[in-house]
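For reference, protein-v1.tsv (TSV, C-alpha atoms):
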chain	number	residue	atom	x	y	z
A	1	MET	CA	125.22	101.40	76.14
A	2	SER	CA	122.68	103.94	74.82
A	3	ILE	CA	123.47	107.33	73.31
A	4	TRP	CA	122.29	109.00	76.52
A	5	ASP	CA	124.79	106.98	78.57
A	6	ARG	CA	127.58	107.97	76.19
A	7	LEU	CA	126.62	111.64	76.32
A	8	PHE	CA	126.47	111.56	80.10
A	9	GLY	CA	129.89	109.91	80.28
A	10	VAL	CA	131.42	112.49	77.94
A	11	ALA	CA	129.86	115.35	79.90
A	12	ALA	CA	131.07	113.96	83.23
A	13	THR	CA	134.61	113.52	81.88
A	14	ALA	CA	134.59	117.08	80.53
A	15	VAL	CA	133.45	118.51	83.88
A	16	LEU	CA	136.10	116.48	85.71
A	17	ALA	CA	138.77	117.72	83.30
A	18	VAL	CA	137.78	121.32	84.02
A	19	VAL	CA	137.97	120.67	87.75
A	20	PHE	CA	141.43	119.12	87.35
A	21	LEU	CA	142.64	122.11	85.32
A	22	ALA	CA	141.33	124.50	87.95
A	23	ALA	CA	143.05	122.54	90.73
A	24	ILE	CA	146.34	122.47	88.81
A	25	GLY	CA	146.11	126.19	88.18
A	26	VAL	CA	145.38	127.03	91.82
A	27	GLU	CA	148.25	124.80	92.96
A	28	ALA	CA	150.68	126.34	90.47
A	29	VAL	CA	149.81	129.89	91.52
A	30	GLY	CA	150.05	129.05	95.21
A	31	ILE	CA	153.48	127.43	94.94
A	32	ALA	CA	154.77	130.19	92.64
A	33	GLN	CA	153.81	132.81	95.22
A	34	THR	CA	155.42	131.01	98.17
A	35	TRP	CA	158.24	128.85	96.83
A	36	GLY	CA	158.81	130.06	93.32
A	37	ALA	CA	157.54	128.83	89.98
A	38	ARG	CA	160.34	126.34	89.34
A	39	TYR	CA	159.52	124.38	92.51
A	40	TRP	CA	156.19	123.38	91.02
A	41	LEU	CA	157.46	121.82	87.80
A	42	ALA	CA	158.15	118.29	89.10
A	43	GLY	CA	155.02	118.02	91.19
A	44	GLY	CA	152.96	119.68	88.47
A	45	ALA	CA	154.10	117.18	85.84
A	46	ALA	CA	153.24	114.27	88.16
A	47	ALA	CA	149.84	115.82	88.91
A	48	VAL	CA	149.06	116.19	85.20
A	49	VAL	CA	149.88	112.52	84.55
A	50	VAL	CA	147.73	111.31	87.45
A	51	CYS	CA	144.86	113.55	86.33
A	52	VAL	CA	145.04	112.08	82.83
A	53	LEU	CA	144.95	108.59	84.32
A	54	ALA	CA	141.85	109.55	86.27
A	55	LEU	CA	140.15	110.81	83.12
A	56	VAL	CA	140.79	107.57	81.17
A	57	ARG	CA	140.29	105.21	84.13
A	58	ARG	CA	137.26	103.45	82.63
A	59	ARG	CA	139.44	101.57	80.16
A	60	GLN	CA	141.59	99.88	82.84
A	61	ARG	CA	140.48	100.90	86.33
A	62	ALA	CA	142.90	98.69	88.23
A	63	TRP	CA	146.01	99.57	86.23
A	64	ALA	CA	145.14	103.26	86.17
A	65	ALA	CA	144.87	103.25	89.97
A	66	VAL	CA	148.13	101.30	90.37
A	67	ALA	CA	149.94	103.72	88.07
A	68	GLY	CA	148.47	106.75	89.82
A	69	LEU	CA	149.42	105.49	93.28
A	70	GLY	CA	152.91	104.62	92.06
A	71	ILE	CA	153.43	108.10	90.62
A	72	ALA	CA	152.17	109.62	93.87
A	73	GLY	CA	154.69	107.55	95.83
A	74	LEU	CA	157.55	108.73	93.57
A	75	ALA	CA	156.38	112.33	93.93
A	76	ILE	CA	156.40	112.00	97.74
A	77	ALA	CA	159.92	110.58	97.70
A	78	ALA	CA	161.19	113.27	95.28
A	79	ALA	CA	159.68	116.04	97.41
A	80	ARG	CA	161.46	114.69	100.49
A	81	VAL	CA	164.84	114.16	98.82
A	82	PHE	CA	165.00	117.38	96.81
A	83	HIS	CA	163.25	119.60	99.39
A	84	LEU	CA	160.24	120.34	97.20
A	85	PRO	CA	156.69	121.23	98.32
A	86	THR	CA	154.87	118.39	100.07
A	87	GLU	CA	153.12	115.95	97.77
A	88	PRO	CA	150.51	114.93	96.76
A	89	GLY	CA	149.23	118.42	96.07
A	90	PRO	CA	145.54	119.35	95.66
A	91	ALA	CA	145.30	118.33	91.99
A	92	MET	CA	146.99	114.97	92.51
A	93	ALA	CA	145.00	114.32	95.68
A	94	LEU	CA	141.77	114.93	93.78
A	95	ALA	CA	142.84	112.64	90.93
A	96	LEU	CA	143.85	109.91	93.38
A	97	ALA	CA	140.47	110.23	95.08
A	98	VAL	CA	138.76	109.64	91.73
A	99	LEU	CA	140.94	106.61	91.01
A	100	VAL	CA	140.47	105.06	94.45
A	101	GLY	CA	136.73	105.76	94.53
A	102	SER	CA	136.31	104.28	91.05
A	103	THR	CA	138.08	101.05	92.01
A	104	VAL	CA	136.16	100.73	95.27
A	105	ARG	CA	132.92	101.06	93.31
A	106	ALA	CA	133.61	98.83	90.32
A	107	LEU	CA	136.29	96.23	91.08
A	108	PRO	CA	135.82	92.91	92.94
A	109	PRO	CA	136.22	93.16	96.72
A	110	VAL	CA	139.82	91.92	96.99
A	111	PRO	CA	141.47	94.20	94.39
A	112	ALA	CA	139.24	97.08	95.49
A	113	GLY	CA	140.41	96.62	99.09
A	114	VAL	CA	144.07	96.36	98.04
A	115	LEU	CA	143.92	99.58	96.02
A	116	ALA	CA	142.04	101.38	98.80
A	117	ALA	CA	144.82	100.30	101.17
A	118	GLY	CA	147.32	101.62	98.61
A	119	GLY	CA	145.62	105.01	98.78
A	120	LEU	CA	145.89	104.95	102.56
A	121	ALA	CA	149.58	104.06	102.22
A	122	VAL	CA	150.09	107.15	100.07
A	123	VAL	CA	148.49	109.28	102.80
A	124	GLY	CA	150.78	107.63	105.37
A	125	GLY	CA	153.80	108.23	103.15
A	126	ALA	CA	152.91	111.90	102.83
A	127	TYR	CA	152.66	112.13	106.63
A	128	LEU	CA	156.04	110.48	107.18
A	129	ALA	CA	157.74	112.59	104.51
A	130	ALA	CA	156.27	115.90	105.71
A	131	ARG	CA	158.70	118.31	107.31
A	132	PRO	CA	158.23	118.68	111.06
A	133	HIS	CA	156.58	121.82	112.42
A	134	SER	CA	155.38	122.87	108.97
A	135	SER	CA	151.79	124.04	108.98
A	136	GLY	CA	151.64	123.89	105.20
A	137	ALA	CA	152.80	120.28	105.14
A	138	SER	CA	150.26	119.34	107.82
A	139	ALA	CA	147.49	120.94	105.80
A	140	VAL	CA	148.52	118.94	102.71
A	141	VAL	CA	148.51	115.69	104.70
A	142	ALA	CA	145.10	116.50	106.19
A	143	MET	CA	143.78	117.30	102.72
A	144	ASN	CA	145.01	113.95	101.36
A	145	ALA	CA	143.49	112.07	104.28
A	146	ALA	CA	140.15	113.80	103.77
A	147	ALA	CA	140.26	113.07	100.02
A	148	TRP	CA	140.99	109.38	100.67
A	149	LEU	CA	138.18	109.07	103.22
A	150	GLY	CA	135.76	110.79	100.86
A	151	ALA	CA	136.79	108.57	97.96
A	152	VAL	CA	136.27	105.36	99.95
A	153	ALA	CA	132.94	106.55	101.36
A	154	VAL	CA	131.56	107.65	97.99
A	155	GLY	CA	132.87	104.50	96.30
A	156	LEU	CA	131.22	102.25	98.88
A	157	ALA	CA	127.94	104.17	98.67
A	158	LEU	CA	127.86	103.92	94.87
A	159	ARG	CA	128.82	100.24	95.07
A	160	LEU	CA	125.86	99.62	97.37
A	161	LEU	CA	123.51	101.45	95.01
A	162	ASP	CA	124.85	99.49	92.03
A	163	ASP	CA	124.40	96.21	93.89
A	164	ARG	CA	120.83	97.11	94.77
A	165	ALA	CA	120.05	98.12	91.20
A	166	ALA	CA	121.59	94.89	89.88
A	167	ALA	CA	119.61	92.83	92.39
A	168	THR	CA	116.39	94.59	91.43
A	169	ALA	CA	117.06	94.10	87.72
A	170	GLU	CA	117.83	90.42	88.30
A	171	LYS	CA	114.59	90.02	90.27
A	172	VAL	CA	112.67	91.60	87.39
A	173	ARG	CA	114.30	89.22	84.92
A	174	ARG	CA	113.60	86.23	87.15
A	175	ASP	CA	109.96	87.22	87.65
A	176	GLU	CA	109.52	87.68	83.91
A	177	ARG	CA	111.05	84.27	83.25
A	178	LEU	CA	108.70	82.68	85.77
A	179	GLU	CA	105.73	84.45	84.22
A	180	LEU	CA	106.73	83.32	80.74
A	181	ALA	CA	107.41	79.79	81.99
A	182	ARG	CA	103.87	79.62	83.40
A	183	GLU	CA	102.40	80.66	80.08
A	184	LEU	CA	104.53	78.24	78.09
A	185	HIS	CA	103.70	75.48	80.54
A	186	ASP	CA	100.02	76.08	79.84
A	187	VAL	CA	100.69	76.08	76.09
A	188	VAL	CA	102.53	72.75	76.23
A	189	ALA	CA	99.85	71.23	78.44
A	190	HIS	CA	97.21	72.35	75.94
A	191	HIS	CA	99.01	70.72	73.01
A	192	ILE	CA	99.75	67.51	74.88
A	193	THR	CA	96.11	67.23	75.91
A	194	GLY	CA	95.11	67.62	72.26
A	195	MET	CA	97.62	64.94	71.25
A	196	LEU	CA	96.17	62.52	73.80
A	197	ILE	CA	92.63	63.14	72.57
A	198	GLN	CA	93.65	62.65	68.94
A	199	ALA	CA	95.60	59.50	69.82
A	200	GLN	CA	92.51	58.05	71.54
A	201	ALA	CA	90.41	58.97	68.52
A	202	ALA	CA	92.96	57.31	66.21
A	203	GLN	CA	92.62	54.08	68.17
A	204	LEU	CA	88.87	54.07	67.60
A	205	LEU	CA	89.28	54.92	63.92
A	206	ALA	CA	91.80	52.12	63.48
A	207	ARG	CA	89.05	49.61	64.35
A	208	LYS	CA	86.22	51.27	62.38
A	209	ASN	CA	87.74	53.35	59.53
A	210	PRO	CA	91.44	52.58	59.12
A	211	GLU	CA	91.72	54.87	56.08
A	212	GLN	CA	91.08	57.98	58.28
A	213	VAL	CA	93.89	57.24	60.72
A	214	ALA	CA	96.36	59.22	58.60
A	215	GLU	CA	94.48	62.47	59.25
A	216	SER	CA	94.68	61.94	63.00
A	217	LEU	CA	98.39	61.19	62.77
A	218	ILE	CA	98.97	64.46	60.89
A	219	GLY	CA	97.17	66.37	63.63
A	220	ILE	CA	99.19	64.61	66.31
A	221	GLU	CA	102.39	65.44	64.45
A	222	ALA	CA	101.51	69.15	64.18
A	223	ALA	CA	100.52	69.38	67.84
A	224	GLY	CA	103.70	67.57	68.88
A	225	ALA	CA	105.88	69.92	66.83
A	226	GLU	CA	104.29	72.99	68.40
A	227	ALA	CA	104.59	71.50	71.88
A	228	LEU	CA	108.26	70.73	71.24
A	229	ARG	CA	108.90	74.32	70.16
A	230	ALA	CA	107.25	75.66	73.27
A	231	MET	CA	109.10	73.17	75.47
A	232	ARG	CA	112.42	74.29	74.02
A	233	ARG	CA	111.61	77.82	75.09
A	234	VAL	CA	110.84	76.57	78.58
A	235	VAL	CA	114.27	74.96	78.95
A	236	GLY	CA	116.35	77.01	81.34
A	237	LEU	CA	113.35	78.69	82.93
A	238	LEU	CA	112.05	77.92	86.42
A	239	ARG	CA	108.38	77.64	87.18
A	240	ASP	CA	106.98	78.57	90.58
A	241	THR	CA	103.97	76.29	91.01
A	242	ASP	CA	102.64	78.39	93.88
A	243	ASP	CA	102.05	81.40	91.63
A	244	ALA	CA	98.63	82.05	90.22
A	245	PRO	CA	98.03	81.14	86.58
A	246	PRO	CA	98.42	84.01	84.11
A	247	ALA	CA	95.65	85.70	82.23
A	248	SER	CA	96.35	85.56	78.51
A	249	ALA	CA	95.13	88.61	76.58
A	250	GLY	CA	94.36	88.34	72.90
A	251	PRO	CA	94.70	91.01	70.19
A	252	GLU	CA	91.11	92.08	70.74
A	253	GLN	CA	92.06	93.18	74.27
A	254	LEU	CA	94.40	95.85	72.92
A	255	GLY	CA	91.41	98.03	72.12
A	256	VAL	CA	90.23	97.75	75.72
A	257	LEU	CA	93.72	98.61	76.97
A	258	VAL	CA	93.94	101.70	74.73
A	259	GLU	CA	90.47	102.85	75.75
A	260	ARG	CA	91.45	102.61	79.42
A	261	PHE	CA	94.66	104.54	78.77
A	262	ASN	CA	92.81	107.30	76.93
A	263	ARG	CA	90.98	108.16	80.13
A	264	GLN	CA	94.19	109.14	81.93
A	265	GLY	CA	96.74	109.96	79.23
A	266	PRO	CA	97.18	111.50	75.79
A	267	PRO	CA	95.04	110.16	72.93
A	268	VAL	CA	96.22	106.87	71.45
A	269	ARG	CA	95.81	105.73	67.86
A	270	LEU	CA	95.79	101.94	67.52
A	271	ARG	CA	96.68	100.09	64.35
A	272	ILE	CA	96.30	96.31	64.51
A	273	PRO	CA	96.10	93.54	61.90
A	274	ASP	CA	93.05	91.48	61.07
A	275	GLU	CA	91.65	90.02	64.29
A	276	SER	CA	91.37	86.67	62.57
A	277	ALA	CA	95.18	86.37	62.56
A	278	ALA	CA	96.18	83.43	64.73
A	279	TRP	CA	99.21	83.92	66.98
A	280	PRO	CA	100.73	81.47	69.46
A	281	PRO	CA	99.49	82.22	72.99
A	282	GLU	CA	102.92	83.29	74.24
A	283	VAL	CA	103.22	85.79	71.37
A	284	THR	CA	99.70	87.10	71.97
A	285	SER	CA	100.31	87.77	75.65
A	286	THR	CA	103.72	89.31	74.98
A	287	VAL	CA	102.26	91.76	72.45
A	288	TYR	CA	99.73	92.87	75.04
A	289	ARG	CA	102.34	93.25	77.76
A	290	ILE	CA	104.69	95.28	75.56
A	291	VAL	CA	101.93	97.72	74.65
A	292	ARG	CA	100.83	97.97	78.26
A	293	GLU	CA	104.36	98.65	79.52
A	294	ALA	CA	105.04	101.24	76.80
A	295	LEU	CA	101.79	103.10	77.51
A	296	THR	CA	102.53	103.01	81.24
A	297	ASN	CA	105.91	104.60	80.59
A	298	VAL	CA	104.26	107.33	78.54
A	299	ALA	CA	101.84	108.09	81.37
A	300	ARG	CA	104.63	108.22	83.93
A	301	HIS	CA	107.49	109.90	82.10
A	302	ALA	CA	105.96	111.79	79.15
A	303	PRO	CA	102.99	113.74	80.56
A	304	HIS	CA	103.44	116.45	77.91
A	305	ALA	CA	102.93	114.11	74.96
A	306	HIS	CA	100.14	115.17	72.61
A	307	GLY	CA	99.55	111.74	71.13
A	308	VAL	CA	100.68	108.12	71.02
A	309	THR	CA	100.61	105.70	68.11
A	310	VAL	CA	100.49	101.94	68.69
A	311	THR	CA	101.19	99.87	65.59
A	312	VAL	CA	100.98	96.08	65.55
A	313	ASP	CA	101.91	94.59	62.20
A	314	GLN	CA	102.20	90.99	61.06
A	315	ASN	CA	104.26	89.50	58.25
A	316	PRO	CA	104.97	85.88	57.30
A	317	SER	CA	107.90	85.64	59.70
A	318	GLY	CA	106.67	87.45	62.78
A	319	VAL	CA	104.90	90.31	64.56
A	320	THR	CA	106.21	93.85	64.95
A	321	ILE	CA	105.04	96.11	67.77
A	322	GLU	CA	105.90	99.81	67.84
A	323	VAL	CA	104.73	102.41	70.35
A	324	VAL	CA	105.78	106.01	69.69
A	325	ASP	CA	104.90	109.31	71.34
A	326	ASP	CA	105.63	112.93	70.48
A	327	ALA	CA	106.70	114.20	73.91
A	328	PRO	CA	109.50	116.79	73.88
A	329	PRO	CA	112.84	115.58	75.27
A	330	GLY	CA	113.56	116.28	78.91
A	331	PRO	CA	115.74	115.13	81.79
A	332	ALA	CA	112.86	113.32	83.51
A	333	ARG	CA	112.25	111.14	80.46
A	334	ALA	CA	115.96	110.50	79.83
A	335	SER	CA	116.61	109.44	83.43
A	336	HIS	CA	113.95	106.70	83.19
A	337	ARG	CA	114.99	105.31	79.83
A	338	GLY	CA	116.30	102.09	81.43
A	339	GLY	CA	113.36	101.29	83.69
A	340	TYR	CA	112.92	97.84	85.17
A	341	GLY	CA	109.72	97.30	83.18
A	342	LEU	CA	111.71	97.44	79.95
A	343	ILE	CA	114.24	95.03	81.43
A	344	GLY	CA	111.46	92.52	82.00
A	345	MET	CA	110.03	93.07	78.52
A	346	ARG	CA	113.44	92.62	76.91
A	347	GLU	CA	113.93	89.38	78.85
A	348	ARG	CA	110.55	88.08	77.66
A	349	VAL	CA	111.08	89.13	74.03
A	350	GLU	CA	114.60	87.71	73.79
A	351	THR	CA	113.48	84.43	75.34
A	352	LEU	CA	110.97	84.11	72.51
A	353	GLY	CA	113.73	84.76	69.98
A	354	GLY	CA	112.82	88.39	69.27
A	355	ALA	CA	114.42	91.78	69.87
A	356	LEU	CA	113.38	94.96	71.66
A	357	HIS	CA	114.74	98.49	71.22
A	358	ALA	CA	113.72	101.55	73.24
A	359	GLY	CA	115.07	105.07	72.96
A	360	PRO	CA	114.53	108.63	71.76
A	361	ARG	CA	113.37	109.29	68.22
A	362	PRO	CA	115.53	111.43	65.87
A	363	ASP	CA	113.18	114.41	65.97
A	364	THR	CA	111.07	114.23	69.11
A	365	GLY	CA	109.39	111.69	71.31
A	366	TRP	CA	110.21	108.16	72.36
A	367	SER	CA	109.93	104.81	70.60
A	368	VAL	CA	109.56	101.23	71.77
A	369	LEU	CA	110.01	98.71	68.96
A	370	ALA	CA	109.76	94.94	69.39
A	371	THR	CA	109.84	92.08	66.91
A	372	LEU	CA	108.56	88.60	67.73
A	373	PRO	CA	109.08	85.60	65.41
A	374	ILE	CA	106.21	83.29	64.54
A	375	HIS	CA	107.05	79.74	63.52
A	376	ASP	CA	105.20	78.21	60.63
A	377	GLY	CA	104.23	75.00	62.38
A	378	ARG	CA	106.60	72.68	60.52
A	379	PRO	CA	108.04	69.81	62.55
A	380	LEU	CA	111.37	70.51	64.19

Here is the file; what I need is its structure written in the form of structure tokens.
Amino acid sequence: MSIWDRLFGVAATAVLAVVFLAAIGVEAVGIAQTWGARYWLAGGAAAVVVCVLALVRRRQRAWAAVAGLGIAGLAIAAARVFHLPTEPGPAMALALAVLVGSTVRALPPVPAGVLAAGGLAVVGGAYLAARPHSSGASAVVAMNAAAWLGAVAVGLALRLLDDRAAATAEKVRRDERLELARELHDVVAHHITGMLIQAQAAQLLARKNPEQVAESLIGIEAAGAEALRAMRRVVGLLRDTDDAPPASAGPEQLGVLVERFNRQGPPVRLRIPDESAAWPPEVTSTVYRIVREALTNVARHAPHAHGVTVTVDQNPSGVTIEVVDDAPPGPARASHRGGYGLIGMRERVETLGGALHAGPRPDTGWSVLATLPIHDGRPL
């Protein structure tokens, strides 16, 4: 969970707490004016407990909902036995709506349905316990019914949106795996073809110059080791043979990409290593795709950026790619921090054994940082 998700969660909890306090205050004043202040104490205490459960529900959604519904049932029974105002009151009804809606959204279908039915049972209990011919009691029952219906409707709507988002994210991951599998398939095919050619050459050398066979065997060994490494990355990935073959872009293509971006976005400064550096094809294409995705995000979500810096650095163990901009923070940029393009890039990078981090910089702007390992070619 990113810092923006945490801040949003804290802000939402704070707003909900203020709403609960306002509801408790309105309920207390209303009962004090009609029944007397002491008649609110029992129901008020129960409402406070249920509101607290609603605020901390994310820790244990199911148990928080069970406890809240149980307390509501006890409050209904106490109100009937001791002739207290009809429960659940507005504050408790609102808290129960949050608990029920949260379970409907997040829990598996069976427990979500059971707890939603429990909320309906509380509404039915309030109806049965209400005093006949009491307009106030009827209004409380109607309020609880409306709160339950709203909670179930909102919970189902959010559940549908979550399912769609999860399905879209999974499709992005699957497509990225298929794309990477195609590239790795081509890499392995390339190395195996080289091994076959060198093996045929070794057979000829064995008849003419036996002393040169060792050199061919060393080349076959190196090609086999690289093919084995690539094949290990392919394990677990599916390849769709109907898809078109990918176009692999080398480091020299980054300059073309940056030049194209400069025509429609803020100026970009590119820092790349010596073009003679040799990277495995899957690393080369991944570097290009990371830079392309990061620049696309800048164009879409940071139109006020004054400049972008793309840095590609190489060390003995791997390649580091960093794309930073200086756009001021804003809600539009924060709301797109978890785009599906980054999901696909993270899937690709992690499959290659690397890591990707994206988020706001300490001062201003946004940063995308990826590290990709490069193996040294030793046999595995």

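For Val368 of chain A, the set of protein, DNA and RNA residues having any atom at most 10 Å away, when counting only C-alpha atoms and skipping those fewer than 5 positions along the same chain, is Ile290, Val291, Glu293, Ala294, Leu295, Val310, Ile321, Glu322, Val323, Val324, Asp325, Leu342, Leu356, His357, Ala358, Gly359, Pro360 and Arg361 of chain A.
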
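Counting all atoms listed in the file and comparing A:Gly219, A:Gly365, A:Gly125, A:Gly150, the residue that lies closest to Gly307 of chain A is A:Gly365.
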
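The closest residue to Val48 of chain A, picked from A:Ala157, A:Val81, A:Ala14, A:Gly89 and counting all atoms listed in the file, is A:Gly89.
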
Seminar exercise, completed: Closest of A:Ala54, A:Val98, A:Val283, A:Ala23 to Thr351 of chain A, counting all atoms listed in the file, is A:Val283

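Going from atom CA of Val29 of chain A over to atom CA of Leu41 of chain A, you cover 11.7 Å.
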
For this session: Skip Glu347 of chain A itself and residues of its chain fewer than 4 positions away, then list as a list in words all residues within 7 Å of it, counting all atoms listed in the file.
Result: Arg173, Glu176, Ile343 and Thr351 of chain A

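Summary of the local environment: counting only C-alpha atoms, residues at most 6 Å from Gly318 of chain A, other than itself and those fewer than 6 positions away along its chain, are Leu372, Pro373 and Ile374 of chain A.
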
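Residues within 12 Å of Ala214 of chain A, counting all atoms listed in the file and excluding same-chain residues fewer than 2 positions away, are A:Gln198, A:Ala199, A:Ala201, A:Ala202, A:Gln203, A:Leu205, A:Ala206, A:Asn209, A:Pro210, A:Glu211, A:Gln212, A:Ser216, A:Leu217, A:Ile218, A:Gly219, A:Ile220, A:Glu221.
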
For this session: Tell me, as an MDAnalysis selection string, which residues lie within 12 Å of Ala75 of chain A, counting all atoms listed in the file; anything in the same chain fewer than 3 positions away does not count.
Result: chainID A and resid 40:47 49:50 68:72 78:89 92:93 122 125:126 129

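Among the candidate residues A:Ala11, A:Pro90, A:Arg105, A:Ala95, the one lying nearest to Met143 of chain A is A:Pro90, with distances computed using all atoms listed in the file.
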
For this session: Point out the residue among A:Lys208, A:Arg292, A:Arg159, A:Arg59 with the least atom-to-atom distance to Ala112 of chain A, counting only C-alpha atoms.
Result: A:Arg159

Exercise. With distances taken over all atoms listed in the file, which of A:Ala97, A:Ile24, A:Val104, A:Ala305 is nearest to Leu149 of chain A?
Worked result: A:Ala97

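The space between atom CA of Glu350 of chain A and atom CA of Arg177 of chain A spans 10.7 Å.
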
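The space separating atom CA of Gly73 of chain A from atom CA of Pro109 of chain A comes to 23.4 Å.
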
Return the padded bounding box of segment 33-43 of chain A as AutoDock Vina command-line options: axis-aligned, built from all atoms listed in the file, 5 Å added on each side, with centre and edge lengths in Å to one decimal.
--center_x 157.1 --center_y 125.4 --center_z 93.0 --size_x 16.5 --size_y 24.8 --size_z 20.4
